[in-house]
Amino acid sequence: MTKVTLTVNGQTVEKDIADNRLLVELLREDAGLTGTHVGCDTSQCGACVVHVNGKAVKSCTMFALEADGADVVTIEGLAKEGELHPVQEAFRDHHGLQCGFCTPGMIMSSVDIIRRNPNLDEKTVREELEGNICRCTGYQGIVKAVLAAADEMKKEAV
Amino acid sequence: MYPFSFKRAATVAEAADLFKGSDDPQYLAGGQTLIPTLKQRLAAPSDLIEVSRIESLKGISEDGGQIVIGAGVSHAEVAASELVRARIPGLAGLAGEIGDPHVRHRGTLGGSIANNDPAADYPAAVLALGAEVRTAARSIAADDYFLGMFETALEEGELITSVAFKVPEASAYAKFPNPASRYAMVGVFVAKFADGVRVAVTGAGPGVFRVPEMEAALSADFSESALHGISVSAEGLNSDLHGSADYRAHLVGVMARRAVAVAR
Ligand SMILES: Cc1cc2nc3c(=O)[nH]c(=O)nc-3n(C[C@H](O)[C@H](O)[C@H](O)COP(=O)(O)OP(=O)(O)OC[C@H]3O[C@@H](n4cnc5c(N)ncnc54)[C@H](O)[C@@H]3O)c2cc1C
Ligand code: FES
Ligand code: FES
């Protein structure tokens, strides 16, 4: 057992954990934040994406001890004071989800994509969503939602 | 996953010491290959030595006509680097096409070429650009570094510290990605230097390899048409559920022409 200390959605989490504990296990099982999902065993589906020090990563492919000292944001940390984040709002408006299983990862990835790409187009969104798999929507609604949220966030920034 | 003990190295020397002091250790860089392997129980190291916090493995610089990239630099950092984009656009482009954004945020240059997956992208760039793979003890020429499927010239416990890439006059990488994994079915890196052209192929065979016939033709005339009529033999190339050896041999020609067409 080794002690890990990190910040999750602004709160300090401190815990003695097994050395092979994955970040996603720490988030879901120790911190009780079950919004982050696990959809595969092979690091391919992206349901587990969270932000670690501002970067989108697969929390199933990172050990909790690698996140020692890090600042982690999960899907639970996006809405502020009961108001959905613009990307969450856009997913709702544009039918970006059906069953919702992929959605936490999709939204965390989308926030990261919008941050890194000041001028998004459809082709870029589709390329950038390479690491997120959705079995329901056919992606049309997701791509629309990301583009709409990007526009919305630009307006808000002005 | 089997249990292991997690150790953190702050310096290259400390990483080597921790390695020596453990039973059956493995370095952990970005974990984008190692962690999936551990999850599948395909490896059972006694100790994982985290090298991703070692400062001296980070950073990209230009030094005497070479672009030197730390082993711990992520694929995303190489793809976004102004220096790499300006001096070796083919290399920045390659890094930006590895896997997906999340893999690129964590995965590193050192981890990729230490692993030497036959379908990995970086080996093609390292070989075509005639790079030097540097460790604490020595510098290994790319032509001597890749020894076949998952095999390299690294000794047990030898940590890659950086890779020094010669700056070409023009370069490009063209890959036909496996649509599910994004690894290369076939990837071809073309690099044009004042004294000749180097062509390296990944994904097609058991390890990355050069194509001397294409290099000779392109050194005489750096154009797509110079490649017409040149084919590689399917013998010894990979055949699996994704594609036959013949198909891959054909793709080598197509990808080489595409790379030459966009090289800059
Ligand atoms: C979904 C997915 C898609 C991917 N797609 C692609 C793709 O399209 N193309 C591609 O090329 N790759 C792809 N990868 C692999 C990715 O590029 C990995 O990042 C890379 O292969 C390994 O780098 P790492 O830093 O993650 O290494 P790790 O997984 O941490 O380590 C890999 C191996 O290298 C050793 N090692 C690490 N650093 C060093 C060092 N400095 N010196 C000596 N040994 C070292 C480790 O001990 C280990 O044996 C993909 C991975 C995933 C999960
Ligand atoms: S759970 Fe599928 S990529 Fe992490
Ligand atoms: S909404 Fe069901 S998996 Fe994407």
# chains A, B, ... in the order shown; residues from 1 in each chain; ligands from 1

call {"tool": "interface_residues", "arguments": {"of": "chain B", "to": "chain A", "cutoff": "7 Å", "atoms": "only C-alpha atoms", "output": "ChimeraX atom specification"}}
result
/B:3-6,31-32,35-36,100-102,105

call {"tool": "residues_near_ligand", "arguments": {"ligand": "ligand 3", "cutoff": "9 Å", "atoms": "only C-alpha atoms and all ligand atoms", "output": "list in words"}}
result
Ala47, Gly96, Leu97, Gln98, Cys99, Gly100, Phe101, Cys102, Thr103, Met106, Asn132, Ile133, Cys134, Arg135, Cys136, Thr137, Gly138, Tyr139 and Ile142 of chain A

call {"tool": "write_last_selection", "arguments": {"atoms": "all heavy atoms", "output": "CSV table (one decimal), in the first residue's frame"}}
result
chain,number,residue,atom,x,y,z
A,47,ALA,N,-14.5,5.7,-22.7
A,47,ALA,CA,-15.6,6.0,-21.7
A,47,ALA,C,-15.0,6.6,-20.4
A,47,ALA,O,-15.7,7.2,-19.6
A,47,ALA,CB,-16.4,4.8,-21.5
A,96,GLY,N,-26.8,14.3,-28.6
A,96,GLY,CA,-25.5,13.7,-28.6
A,96,GLY,C,-25.4,12.5,-27.8
A,96,GLY,O,-24.3,11.9,-27.6
A,97,LEU,N,-26.5,12.0,-27.2
A,97,LEU,CA,-26.5,10.8,-26.5
A,97,LEU,C,-27.8,10.0,-26.6
A,97,LEU,O,-28.8,10.6,-26.8
A,97,LEU,CB,-26.2,11.0,-25.0
A,97,LEU,CG,-27.2,11.8,-24.2
A,97,LEU,CD1,-27.2,11.4,-22.7
A,97,LEU,CD2,-26.8,13.3,-24.2
A,98,GLN,N,-27.7,8.7,-26.4
A,98,GLN,CA,-28.9,7.8,-26.3
A,98,GLN,C,-28.8,7.1,-25.0
A,98,GLN,O,-29.4,7.5,-24.0
A,98,GLN,CB,-29.0,6.9,-27.5
A,98,GLN,CG,-29.4,7.7,-28.8
A,98,GLN,CD,-29.5,6.8,-30.0
A,98,GLN,OE1,-29.7,5.6,-29.9
A,98,GLN,NE2,-29.3,7.3,-31.2
A,99,CYS,N,-28.0,6.0,-24.9
A,99,CYS,CA,-27.9,5.3,-23.6
A,99,CYS,C,-27.1,6.1,-22.6
A,99,CYS,O,-27.3,5.9,-21.4
A,99,CYS,CB,-27.4,3.9,-23.8
A,99,CYS,SG,-25.6,3.8,-23.9
A,100,GLY,N,-26.2,6.9,-23.1
A,100,GLY,CA,-25.4,7.7,-22.2
A,100,GLY,C,-24.1,7.1,-21.7
A,100,GLY,O,-23.4,7.7,-20.9
A,101,PHE,N,-23.9,5.9,-22.1
A,101,PHE,CA,-22.7,5.2,-21.5
A,101,PHE,C,-21.4,5.9,-21.9
A,101,PHE,O,-20.5,6.0,-21.1
A,101,PHE,CB,-22.6,3.7,-21.8
A,101,PHE,CG,-21.7,2.9,-21.0
A,101,PHE,CD1,-22.0,2.4,-19.8
A,101,PHE,CD2,-20.3,2.8,-21.4
A,101,PHE,CE1,-21.1,1.8,-19.0
A,101,PHE,CE2,-19.4,2.2,-20.6
A,101,PHE,CZ,-19.8,1.6,-19.4
A,102,CYS,N,-21.3,6.2,-23.1
A,102,CYS,CA,-20.0,6.8,-23.6
A,102,CYS,C,-19.9,8.3,-23.3
A,102,CYS,O,-18.9,8.9,-23.5
A,102,CYS,CB,-20.0,6.7,-25.2
A,102,CYS,SG,-21.2,7.8,-26.0
A,103,THR,N,-21.1,8.9,-22.8
A,103,THR,CA,-21.2,10.4,-22.7
A,103,THR,C,-20.2,11.1,-21.8
A,103,THR,O,-19.6,12.1,-22.2
A,103,THR,CB,-22.7,10.7,-22.4
A,103,THR,OG1,-23.5,10.0,-23.2
A,103,THR,CG2,-22.9,12.2,-22.6
A,106,MET,N,-17.1,11.2,-23.8
A,106,MET,CA,-17.3,12.0,-25.0
A,106,MET,C,-17.2,13.5,-24.6
A,106,MET,O,-16.6,14.3,-25.2
A,106,MET,CB,-18.7,11.8,-25.6
A,106,MET,CG,-18.8,10.5,-26.4
A,106,MET,SD,-17.9,10.7,-27.9
A,106,MET,CE,-18.1,9.0,-28.6
A,132,ASN,N,-12.8,7.8,-28.9
A,132,ASN,CA,-14.1,7.7,-28.1
A,132,ASN,C,-15.1,6.9,-29.0
A,132,ASN,O,-15.5,7.4,-30.1
A,132,ASN,CB,-14.7,9.1,-27.8
A,132,ASN,CG,-13.8,9.8,-26.8
A,132,ASN,OD1,-12.8,10.4,-27.2
A,132,ASN,ND2,-14.1,9.7,-25.5
A,133,ILE,N,-15.6,5.8,-28.5
A,133,ILE,CA,-16.5,5.0,-29.2
A,133,ILE,C,-17.9,5.1,-28.7
A,133,ILE,O,-18.1,5.0,-27.4
A,133,ILE,CB,-16.0,3.5,-29.2
A,133,ILE,CG1,-14.6,3.4,-29.9
A,133,ILE,CG2,-17.0,2.6,-29.9
A,133,ILE,CD1,-14.0,2.1,-29.9
A,134,CYS,N,-18.9,5.2,-29.6
A,134,CYS,CA,-20.3,5.2,-29.2
A,134,CYS,C,-21.0,4.2,-30.0
A,134,CYS,O,-20.9,4.1,-31.2
A,134,CYS,CB,-20.9,6.6,-29.5
A,134,CYS,SG,-22.6,6.7,-29.2
A,135,ARG,N,-21.7,3.3,-29.3
A,135,ARG,CA,-22.4,2.2,-30.0
A,135,ARG,C,-23.8,2.7,-30.4
A,135,ARG,O,-24.5,1.9,-31.0
A,135,ARG,CB,-22.5,1.0,-29.1
A,135,ARG,CG,-23.3,1.2,-27.9
A,135,ARG,CD,-23.3,0.1,-26.9
A,135,ARG,NE,-24.0,0.6,-25.7
A,135,ARG,CZ,-24.3,0.0,-24.6
A,135,ARG,NH1,-23.9,-1.3,-24.5
A,135,ARG,NH2,-24.9,0.5,-23.6
A,136,CYS,N,-24.3,3.8,-29.9
A,136,CYS,CA,-25.7,4.2,-30.1
A,136,CYS,C,-25.9,5.2,-31.2
A,136,CYS,O,-26.7,5.0,-32.1
A,136,CYS,CB,-26.3,4.7,-28.9
A,136,CYS,SG,-26.3,3.7,-27.4
A,137,THR,N,-25.2,6.3,-31.1
A,137,THR,CA,-25.7,7.5,-31.8
A,137,THR,C,-25.4,7.6,-33.3
A,137,THR,O,-26.0,8.3,-34.0
A,137,THR,CB,-25.2,8.8,-31.2
A,137,THR,OG1,-23.7,8.8,-31.3
A,137,THR,CG2,-25.5,8.9,-29.7
A,138,GLY,N,-24.3,6.9,-33.7
A,138,GLY,CA,-23.9,7.1,-35.1
A,138,GLY,C,-23.1,8.4,-35.2
A,138,GLY,O,-22.7,8.8,-36.3
A,139,TYR,N,-22.8,9.0,-34.1
A,139,TYR,CA,-21.9,10.2,-34.0
A,139,TYR,C,-22.4,11.5,-34.6
A,139,TYR,O,-21.9,12.6,-34.2
A,139,TYR,CB,-20.5,9.9,-34.7
A,139,TYR,CG,-19.8,8.7,-34.1
A,139,TYR,CD1,-19.9,7.4,-34.6
A,139,TYR,CD2,-19.1,8.8,-32.9
A,139,TYR,CE1,-19.3,6.3,-34.1
A,139,TYR,CE2,-18.5,7.7,-32.3
A,139,TYR,CZ,-18.6,6.5,-32.9
A,139,TYR,OH,-18.0,5.4,-32.3
A,142,ILE,N,-23.4,13.9,-31.9
A,142,ILE,CA,-22.2,14.2,-31.1
A,142,ILE,C,-21.4,15.3,-31.8
A,142,ILE,O,-21.0,16.3,-31.2
A,142,ILE,CB,-21.3,13.0,-30.8
A,142,ILE,CG1,-22.1,12.0,-29.9
A,142,ILE,CG2,-20.0,13.4,-30.1
A,142,ILE,CD1,-21.4,10.7,-29.6

call {"tool": "residues_near_ligand", "arguments": {"ligand": "ligand 1", "cutoff": "6 Å", "atoms": "only C-alpha atoms and all ligand atoms", "output": "ChimeraX atom specification"}}
result
/A:43-44 /B:26-34,71,98-99,103,107-108,110-112,114-115,120-122,158-161,181-183

call {"tool": "closest_residue", "arguments": {"among": "A:Leu147, A:Val72, A:Met153, A:Val38", "to": "ligand 2", "atoms": "only C-alpha atoms and all ligand atoms"}}
result
A:Val38

call {"tool": "atom_distance", "arguments": {"atom1": "CA of Cys45 in chain A", "atom2": "CA of Ser239 in chain B"}}
result
26.1 Å

call {"tool": "residues_around", "arguments": {"residues": "range 201-203 of chain B", "least_positions_apart": "2", "cutoff": "6 Å", "atoms": "only C-alpha atoms", "output": "ChimeraX atom specification"}}
result
/B:118-119,124,184-188,205,208-209

call {"tool": "write_last_selection", "arguments": {"atoms": "C-alpha atoms", "output": "compact mmCIF listing (two decimals), in the first residue's frame"}}
result
# COMPACT_ATOMS: atom_id res chain seq x y z
CA PRO B 118 6.16 -3.78 -35.74
CA ALA B 119 3.13 -1.57 -36.45
CA ALA B 124 9.80 4.64 -39.48
CA ALA B 184 0.03 1.30 -39.17
CA MET B 185 -1.12 -1.42 -41.57
CA VAL B 186 1.65 0.17 -43.60
CA GLY B 187 3.44 3.45 -42.95
CA VAL B 188 6.19 4.91 -45.11
CA GLY B 205 7.02 -6.58 -41.99
CA VAL B 208 10.84 -1.51 -39.69
CA PHE B 209 12.99 -1.73 -42.86

call {"tool": "atom_distance", "arguments": {"atom1": "CA of Leu27 in chain A", "atom2": "CA of Val8 in chain A"}}
result
8.4 Å

call {"tool": "residues_around", "arguments": {"residues": "Gly90 in chain B", "least_positions_apart": "4", "cutoff": "12 Å", "atoms": "only C-alpha atoms", "output": "ChimeraX atom specification"}}
result
/B:78-79,84-86,94-97,121-122,124-126,128-129,165,167-175,188-192,259-260,262-264

call {"tool": "write_last_selection", "arguments": {"atoms": "C-alpha atoms", "output": "short mmCIF file (atom, residue, chain, number, x, y, z; two decimals), in the first residue's frame"}}
result
data_model
loop_
_atom_site.label_atom_id
_atom_site.label_comp_id
_atom_site.auth_asym_id
_atom_site.auth_seq_id
_atom_site.Cartn_x
_atom_site.Cartn_y
_atom_site.Cartn_z
CA VAL B 78 6.01 16.61 -30.72
CA ALA B 79 2.94 17.17 -32.91
CA VAL B 84 9.55 20.24 -35.11
CA ARG B 85 6.78 21.52 -37.39
CA ALA B 86 9.15 24.02 -38.96
CA LEU B 94 3.55 11.42 -37.79
CA ALA B 95 3.28 12.16 -34.07
CA GLY B 96 -0.12 13.80 -34.60
CA GLU B 97 -1.46 10.64 -36.24
CA ASP B 121 4.83 4.77 -36.32
CA TYR B 122 7.96 6.31 -34.75
CA ALA B 124 9.80 4.64 -39.48
CA ALA B 125 10.82 8.23 -38.70
CA VAL B 126 13.81 7.25 -36.58
CA ALA B 128 14.38 7.23 -42.32
CA LEU B 129 15.84 10.30 -40.63
CA PHE B 165 17.03 13.58 -35.65
CA VAL B 167 17.11 17.76 -40.27
CA PRO B 168 16.18 16.78 -43.85
CA GLU B 169 15.51 19.05 -46.83
CA ALA B 170 12.06 17.53 -47.08
CA SER B 171 10.15 14.76 -45.33
CA ALA B 172 6.73 13.18 -45.04
CA TYR B 173 5.01 10.19 -43.52
CA ALA B 174 2.07 8.45 -45.16
CA LYS B 175 0.20 5.81 -43.22
CA VAL B 188 6.19 4.91 -45.11
CA PHE B 189 8.50 7.72 -44.04
CA VAL B 190 10.46 9.48 -46.79
CA ALA B 191 13.36 11.83 -45.94
CA LYS B 192 15.34 13.77 -48.52
CA ALA B 259 4.61 10.53 -48.96
CA VAL B 260 6.76 11.83 -51.83
CA VAL B 262 3.35 15.77 -49.98
CA ALA B 263 6.97 15.93 -48.74
CA ARG B 264 8.12 19.39 -47.74
#

call {"tool": "closest_residue", "arguments": {"among": "B:Ala10, B:Pro212, B:Ala200, B:Lys39", "to": "ligand 2", "atoms": "only C-alpha atoms and all ligand atoms"}}
result
B:Lys39
